[in-house]
Structures are given as C-alpha cells and as structure tokens.
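A short worksheet on the structure shown next.
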Amino acid sequence: MKTDLIQDQKKRCPWCLKDEQYVHYHDEEWGEVCHDDSTLFEFLLLETFQAGLSWHTILKKRENFRSAFDQFEVNLIASYNDLKVHELMKNASIIRHKAKILAAIRNAQKFIQIQDEYGSFDRYIWQFTNYSTIVIPIDSWEEVKKTIPESDAMAKDLKSRGFMFIGSTTCMAFMESIGMVSDHFSYCWKNKKIK
C-alpha cells in the first residue's frame, strides 16, 4: 500500500522522496494545520531531538520515542526523575543524548506553564503567525528558508520562558510541521496557493 504513494504519479517536494515512510509523512502530516496540544507537544519534543540531525532520522525512530516517552504524555514527562533519565539513556532505540532528554523534561514543564497561562499551548504558539498560516512560495532549493522573522520571535520568547534546544531553525521546522508555515514546492500537489 505504501509503495502506491510513490507510484501514484503525484509531484512532491523532493526532500520527502527517500522512502515510503517519508512520503507518507509528507502527504498525511507535514504542513497540516494542528491545534491539538498533545500533537503540538509531540512535535515540539521530536524537533528538540532533531537539533543537529535530520528529520528523516527522527521519523524512523518516532514510534520508539513514543514508547520510551509514555506516548508523549506531557504531564508524565514533566515529572520524570533521574531514574527515568538513566533508563532513557540506556534505550538504544532512541537518540541517547542526555542534554536533549533533560531538555524534553524541562520543556514539558514549561509547556504546562504556558497551558496554565494561556488556557492552551495552541493559543500561545499560533500568536506568532497571527493565528494564520504563512504561505511561502518555493520554486527551488535555493528559496527554502531555514528561518523567518516569526521563527526568530518564537525562539526568543520560548527561550525567555526557559525552553531548551529551541533555536530559530528548530522553531521554523516546528512551524512547518504543524501548518503555521506552508512552504511546499510550487509543483507539489500539497502546495497551498496564496489566496
């Protein structure tokens, strides 16, 4: 079934053509508007682990992360102790990077603080694009942006709140993954035309 995704003659962003899993992610998830706090936290945690790595690497380990990090349940992760950190560091199926594991715990705690302050993380995070999707036309690799002013602002505010492993490049990737930014290549079947 997944093979059909690549053989269906649809034109797609070139970055997703590595394998069927990547194509499926591109077609079904990437850039889809998300307002669900649980999903927002999942992507935030995974983007934290992506820092310095490729998303393809993280995607292949996504289900391992889901199992290791209690289905991305933010309240559980926020309460992790040293014993849990040690357990995660022994788990060869995820990225065993202690600073990133500690960042995931701290970011979970800060995520909950934002939920308490704003009523939801969704209400907080979407303010950086004025609660709408920014459409960026892309015709070539040279036009792909690693950061935009909105990702700069998001990173600055998250850092000021104590989030870790959150720079503008990470925020840009996060914004793309949850539909705050739409920058499919112009010929991609998922491209959202500017209205």
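A note on labels: chains of the structure tokens are A, B, ... as shown, every chain counts residues from 1, and ligands are counted from 1 in their shown order.
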
**Prompt:** What's the 10 Å shell around Lys145 of chain A, counting only C-alpha atoms, without same-chain residues fewer than 2 positions away, as JSON, numbers by chain?
**Reply:** {"A": [136, 138, 141, 142, 143, 147, 148, 169, 172, 173, 183]}

Limited to N, CA and C atoms, could you put the picked residues into a file as an mmCIF file, in the first residue's frame?
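Output (selection_11.cif):
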```cif
data_model
loop_
_atom_site.group_PDB
_atom_site.id
_atom_site.type_symbol
_atom_site.label_atom_id
_atom_site.label_comp_id
_atom_site.auth_asym_id
_atom_site.auth_seq_id
_atom_site.Cartn_x
_atom_site.Cartn_y
_atom_site.Cartn_z
ATOM 1 N N ILE A 136 4.713 30.428 1.957
ATOM 2 C CA ILE A 136 5.982 30.859 1.352
ATOM 3 C C ILE A 136 6.151 30.111 0.023
ATOM 4 N N ILE A 138 7.881 28.386 -2.929
ATOM 5 C CA ILE A 138 9.188 27.765 -3.131
ATOM 6 C C ILE A 138 9.239 27.144 -4.530
ATOM 7 N N TRP A 141 15.469 24.731 -4.383
ATOM 8 C CA TRP A 141 16.128 24.538 -3.092
ATOM 9 C C TRP A 141 16.689 25.851 -2.554
ATOM 10 N N GLU A 142 17.151 26.718 -3.456
ATOM 11 C CA GLU A 142 17.762 27.988 -3.040
ATOM 12 C C GLU A 142 16.769 28.898 -2.325
ATOM 13 N N GLU A 143 15.481 28.673 -2.553
ATOM 14 C CA GLU A 143 14.453 29.522 -1.947
ATOM 15 C C GLU A 143 13.933 28.978 -0.613
ATOM 16 N N THR A 147 14.980 29.981 8.448
ATOM 17 C CA THR A 147 14.341 30.779 9.491
ATOM 18 C C THR A 147 13.565 31.919 8.831
ATOM 19 N N ILE A 148 12.630 32.468 9.571
ATOM 20 C CA ILE A 148 11.903 33.670 9.176
ATOM 21 C C ILE A 148 11.760 34.532 10.429
ATOM 22 N N THR A 169 15.934 27.913 13.936
ATOM 23 C CA THR A 169 15.841 26.847 12.938
ATOM 24 C C THR A 169 14.900 25.737 13.420
ATOM 25 N N MET A 172 11.385 27.037 13.174
ATOM 26 C CA MET A 172 10.919 27.032 11.785
ATOM 27 C C MET A 172 10.455 25.631 11.383
ATOM 28 N N ALA A 173 11.238 24.626 11.726
ATOM 29 C CA ALA A 173 10.859 23.246 11.408
ATOM 30 C C ALA A 173 9.550 22.876 12.106
ATOM 31 N N ASP A 183 5.207 25.729 3.050
ATOM 32 C CA ASP A 183 6.231 26.006 2.032
ATOM 33 C C ASP A 183 6.569 24.760 1.222
#
```

Contact check, segment 33-55 of chain A to segment 150-164 of chain A, at most 12 Å, counting only C-alpha atoms, closest pairs as a tab-separated table:
```
residue	atom	partner	partner_atom	distance
A:Leu44	CA	A:Phe163	CA	10.6
A:Leu45	CA	A:Met164	CA	10.5
A:Glu47	CA	A:Met164	CA	11.3
A:Thr48	CA	A:Met164	CA	8.1
A:Phe49	CA	A:Met164	CA	10.8
A:Ala51	CA	A:Met164	CA	10.9
```

Take the residues from that selection and put them in a file with N, CA, C and O atoms, as a PDB file, in the first residue's frame.
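As written to disk, part37.pdb reads:
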```pdb
ATOM      1  N   LEU A  44       6.987  19.210  19.209  1.00  0.00           N
ATOM      2  CA  LEU A  44       7.986  20.025  19.893  1.00  0.00           C
ATOM      3  C   LEU A  44       9.083  19.145  20.492  1.00  0.00           C
ATOM      4  O   LEU A  44      10.277  19.439  20.376  1.00  0.00           O
ATOM      5  N   LEU A  45       8.683  18.040  21.110  1.00  0.00           N
ATOM      6  CA  LEU A  45       9.660  17.115  21.687  1.00  0.00           C
ATOM      7  C   LEU A  45      10.547  16.515  20.593  1.00  0.00           C
ATOM      8  O   LEU A  45      11.776  16.487  20.727  1.00  0.00           O
ATOM      9  N   GLU A  47      11.168  17.679  17.584  1.00  0.00           N
ATOM     10  CA  GLU A  47      12.037  18.700  16.977  1.00  0.00           C
ATOM     11  C   GLU A  47      13.229  18.995  17.883  1.00  0.00           C
ATOM     12  O   GLU A  47      14.327  19.300  17.408  1.00  0.00           O
ATOM     13  N   THR A  48      13.022  18.904  19.185  1.00  0.00           N
ATOM     14  CA  THR A  48      14.127  19.097  20.131  1.00  0.00           C
ATOM     15  C   THR A  48      15.219  18.056  19.892  1.00  0.00           C
ATOM     16  O   THR A  48      16.411  18.375  19.874  1.00  0.00           O
ATOM     17  N   PHE A  49      14.801  16.817  19.677  1.00  0.00           N
ATOM     18  CA  PHE A  49      15.773  15.758  19.428  1.00  0.00           C
ATOM     19  C   PHE A  49      16.377  15.847  18.031  1.00  0.00           C
ATOM     20  O   PHE A  49      17.457  15.324  17.780  1.00  0.00           O
ATOM     21  N   ALA A  51      17.532  18.514  16.604  1.00  0.00           N
ATOM     22  CA  ALA A  51      18.608  19.514  16.553  1.00  0.00           C
ATOM     23  C   ALA A  51      19.947  18.861  16.205  1.00  0.00           C
ATOM     24  O   ALA A  51      20.418  17.973  16.901  1.00  0.00           O
TER      25      ALA A  51
END
```

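Around segment 92-102 of chain A, within 8 Å and counting only C-alpha atoms, the residues found are A:Thr48, A:Phe49, A:Lys61, A:Asn64, A:Phe65, A:Ala68, A:Val85, A:Leu88, A:Arg106, A:Phe165, once anything fewer than 4 positions away on its own chain is removed.
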
Create the file for the chosen residues now, containing all heavy atoms and written as an mmCIF file, in the first residue's frame.
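Everything below was put into selection_27.cif:
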```
data_model
loop_
_atom_site.group_PDB
_atom_site.id
_atom_site.type_symbol
_atom_site.label_atom_id
_atom_site.label_comp_id
_atom_site.auth_asym_id
_atom_site.auth_seq_id
_atom_site.Cartn_x
_atom_site.Cartn_y
_atom_site.Cartn_z
ATOM 1 N N THR A 48 13.022 18.904 19.185
ATOM 2 C CA THR A 48 14.127 19.097 20.131
ATOM 3 C C THR A 48 15.219 18.056 19.892
ATOM 4 O O THR A 48 16.411 18.375 19.874
ATOM 5 C CB THR A 48 13.615 18.985 21.584
ATOM 6 O OG1 THR A 48 12.648 20.001 21.818
ATOM 7 C CG2 THR A 48 14.753 19.144 22.585
ATOM 8 N N PHE A 49 14.801 16.817 19.677
ATOM 9 C CA PHE A 49 15.773 15.758 19.428
ATOM 10 C C PHE A 49 16.377 15.847 18.031
ATOM 11 O O PHE A 49 17.457 15.324 17.780
ATOM 12 C CB PHE A 49 15.136 14.385 19.656
ATOM 13 C CG PHE A 49 15.127 13.967 21.087
ATOM 14 C CD1 PHE A 49 14.062 14.289 21.909
ATOM 15 C CD2 PHE A 49 16.213 13.287 21.641
ATOM 16 C CE1 PHE A 49 14.062 13.931 23.260
ATOM 17 C CE2 PHE A 49 16.222 12.922 22.984
ATOM 18 C CZ PHE A 49 15.148 13.240 23.792
ATOM 19 N N LYS A 61 12.612 6.793 14.067
ATOM 20 C CA LYS A 61 12.611 6.398 15.471
ATOM 21 C C LYS A 61 11.375 6.908 16.216
ATOM 22 O O LYS A 61 11.273 6.763 17.431
ATOM 23 C CB LYS A 61 13.873 6.935 16.164
ATOM 24 C CG LYS A 61 15.176 6.331 15.653
ATOM 25 C CD LYS A 61 16.374 6.950 16.371
ATOM 26 C CE LYS A 61 17.685 6.342 15.899
ATOM 27 N NZ LYS A 61 17.860 4.964 16.402
ATOM 28 N N ASN A 64 9.582 4.536 18.469
ATOM 29 C CA ASN A 64 10.438 4.215 19.612
ATOM 30 C C ASN A 64 10.380 5.329 20.645
ATOM 31 O O ASN A 64 10.314 5.070 21.856
ATOM 32 C CB ASN A 64 11.882 4.005 19.154
ATOM 33 C CG ASN A 64 12.031 2.859 18.176
ATOM 34 O OD1 ASN A 64 11.208 1.951 18.136
ATOM 35 N ND2 ASN A 64 13.078 2.895 17.374
ATOM 36 N N PHE A 65 10.398 6.579 20.164
ATOM 37 C CA PHE A 65 10.255 7.721 21.072
ATOM 38 C C PHE A 65 8.895 7.675 21.761
ATOM 39 O O PHE A 65 8.794 7.936 22.967
ATOM 40 C CB PHE A 65 10.393 9.042 20.297
ATOM 41 C CG PHE A 65 11.807 9.523 20.128
ATOM 42 C CD1 PHE A 65 12.467 9.379 18.922
ATOM 43 C CD2 PHE A 65 12.484 10.139 21.174
ATOM 44 C CE1 PHE A 65 13.772 9.826 18.755
ATOM 45 C CE2 PHE A 65 13.786 10.595 21.030
ATOM 46 C CZ PHE A 65 14.430 10.436 19.811
ATOM 47 N N ALA A 68 9.113 5.107 24.484
ATOM 48 C CA ALA A 68 10.052 5.486 25.549
ATOM 49 C C ALA A 68 9.545 6.669 26.367
ATOM 50 O O ALA A 68 9.790 6.759 27.574
ATOM 51 C CB ALA A 68 11.417 5.813 24.941
ATOM 52 N N VAL A 85 15.632 9.249 33.569
ATOM 53 C CA VAL A 85 16.668 9.747 32.657
ATOM 54 C C VAL A 85 17.695 8.648 32.397
ATOM 55 O O VAL A 85 18.105 8.411 31.257
ATOM 56 C CB VAL A 85 17.353 11.010 33.228
ATOM 57 C CG1 VAL A 85 18.569 11.399 32.375
ATOM 58 C CG2 VAL A 85 16.361 12.173 33.301
ATOM 59 N N LEU A 88 16.244 6.100 30.065
ATOM 60 C CA LEU A 88 16.223 6.593 28.684
ATOM 61 C C LEU A 88 17.617 6.572 28.062
ATOM 62 O O LEU A 88 17.771 6.286 26.871
ATOM 63 C CB LEU A 88 15.637 8.009 28.635
ATOM 64 C CG LEU A 88 14.140 8.115 28.927
ATOM 65 C CD1 LEU A 88 13.728 9.559 29.148
ATOM 66 C CD2 LEU A 88 13.315 7.498 27.791
ATOM 67 N N ARG A 106 12.365 19.450 30.855
ATOM 68 C CA ARG A 106 12.190 20.875 31.191
ATOM 69 C C ARG A 106 11.141 21.525 30.285
ATOM 70 O O ARG A 106 10.290 22.279 30.743
ATOM 71 C CB ARG A 106 13.519 21.606 31.072
ATOM 72 C CG ARG A 106 13.440 23.092 31.422
ATOM 73 C CD ARG A 106 14.821 23.739 31.352
ATOM 74 N NE ARG A 106 14.761 25.166 31.615
ATOM 75 C CZ ARG A 106 14.780 25.709 32.823
ATOM 76 N NH1 ARG A 106 14.819 24.927 33.892
ATOM 77 N NH2 ARG A 106 14.758 27.020 32.988
ATOM 78 N N PHE A 165 17.128 23.814 23.836
ATOM 79 C CA PHE A 165 17.286 23.252 22.490
ATOM 80 C C PHE A 165 16.217 23.803 21.546
ATOM 81 O O PHE A 165 15.657 23.084 20.724
ATOM 82 C CB PHE A 165 17.255 21.719 22.509
ATOM 83 C CG PHE A 165 18.599 21.111 22.816
ATOM 84 C CD1 PHE A 165 18.937 20.809 24.127
ATOM 85 C CD2 PHE A 165 19.529 20.871 21.820
ATOM 86 C CE1 PHE A 165 20.179 20.258 24.432
ATOM 87 C CE2 PHE A 165 20.766 20.323 22.113
ATOM 88 C CZ PHE A 165 21.094 20.024 23.422
#
```

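Each of A:Ala108, A:Leu53, A:Cys34, A:Ala78 was compared to Ile125 of chain A using only C-alpha atoms, and A:Cys34 turns out to be the nearest.
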
**Message:** Just list as number ranges by chain whatever in segment 61-128 of chain A DSSP marks as alpha helix (DSSP H).
**Reply:** A: 62-68, 74-78, 82-89, 98-118, 121-125

**Request:** Record the distance separating atom CA of Lys84 of chain A and atom CA of Phe43 of chain A, expressed in Å with one decimal.
**Result:** 20.9 Å

**Request:** Would you mind telling me which residue in A:Phe185, A:Asn107, A:Arg12, A:Gly119 lies nearest to Asp27 of chain A when using only C-alpha atoms?
**Result:** A:Arg12

**Message:** Quick one: residues within 10 Å of Trp126 of chain A, only C-alpha atoms, excluding same-chain residues fewer than 3 positions away - as a list of chain:residue names?
**Reply:** A:Cys34, A:His35, A:Phe121, A:Asp122, A:Arg123, A:Thr129, A:Asn130, A:Tyr131, A:Ser132, A:Thr133, A:Met154, A:Met175, A:Gly179, A:Met180

Using C-alpha atoms, can you export the residues from the last selection as a tab-separated table (two decimals), in the first residue's frame?
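Listing of selection10.tsv after writing:
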```tsv
chain	number	residue	atom	x	y	z
A	34	CYS	CA	-2.71	21.48	14.02
A	35	HIS	CA	-4.40	22.98	17.07
A	121	PHE	CA	-0.38	25.89	24.22
A	122	ASP	CA	-2.17	26.24	20.89
A	123	ARG	CA	-3.47	29.70	21.79
A	129	THR	CA	1.78	33.93	12.91
A	130	ASN	CA	-1.25	35.98	13.93
A	131	TYR	CA	-3.31	32.77	14.08
A	132	SER	CA	-3.00	32.07	10.38
A	133	THR	CA	-0.73	30.07	8.06
A	154	MET	CA	9.09	32.33	18.69
A	175	MET	CA	6.10	25.76	12.37
A	179	GLY	CA	0.98	24.11	9.44
A	180	MET	CA	1.93	27.53	10.78
```

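Candidate residues A:Ile166, A:Leu46, A:Ile112, A:Leu40 were compared for distance to Asn75 of chain A, and the nearest is A:Ile112, using only C-alpha atoms.
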
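For the pair atom CA of Glu176 of chain A and atom CA of Asp70 of chain A, the separation is 24.8 Å.
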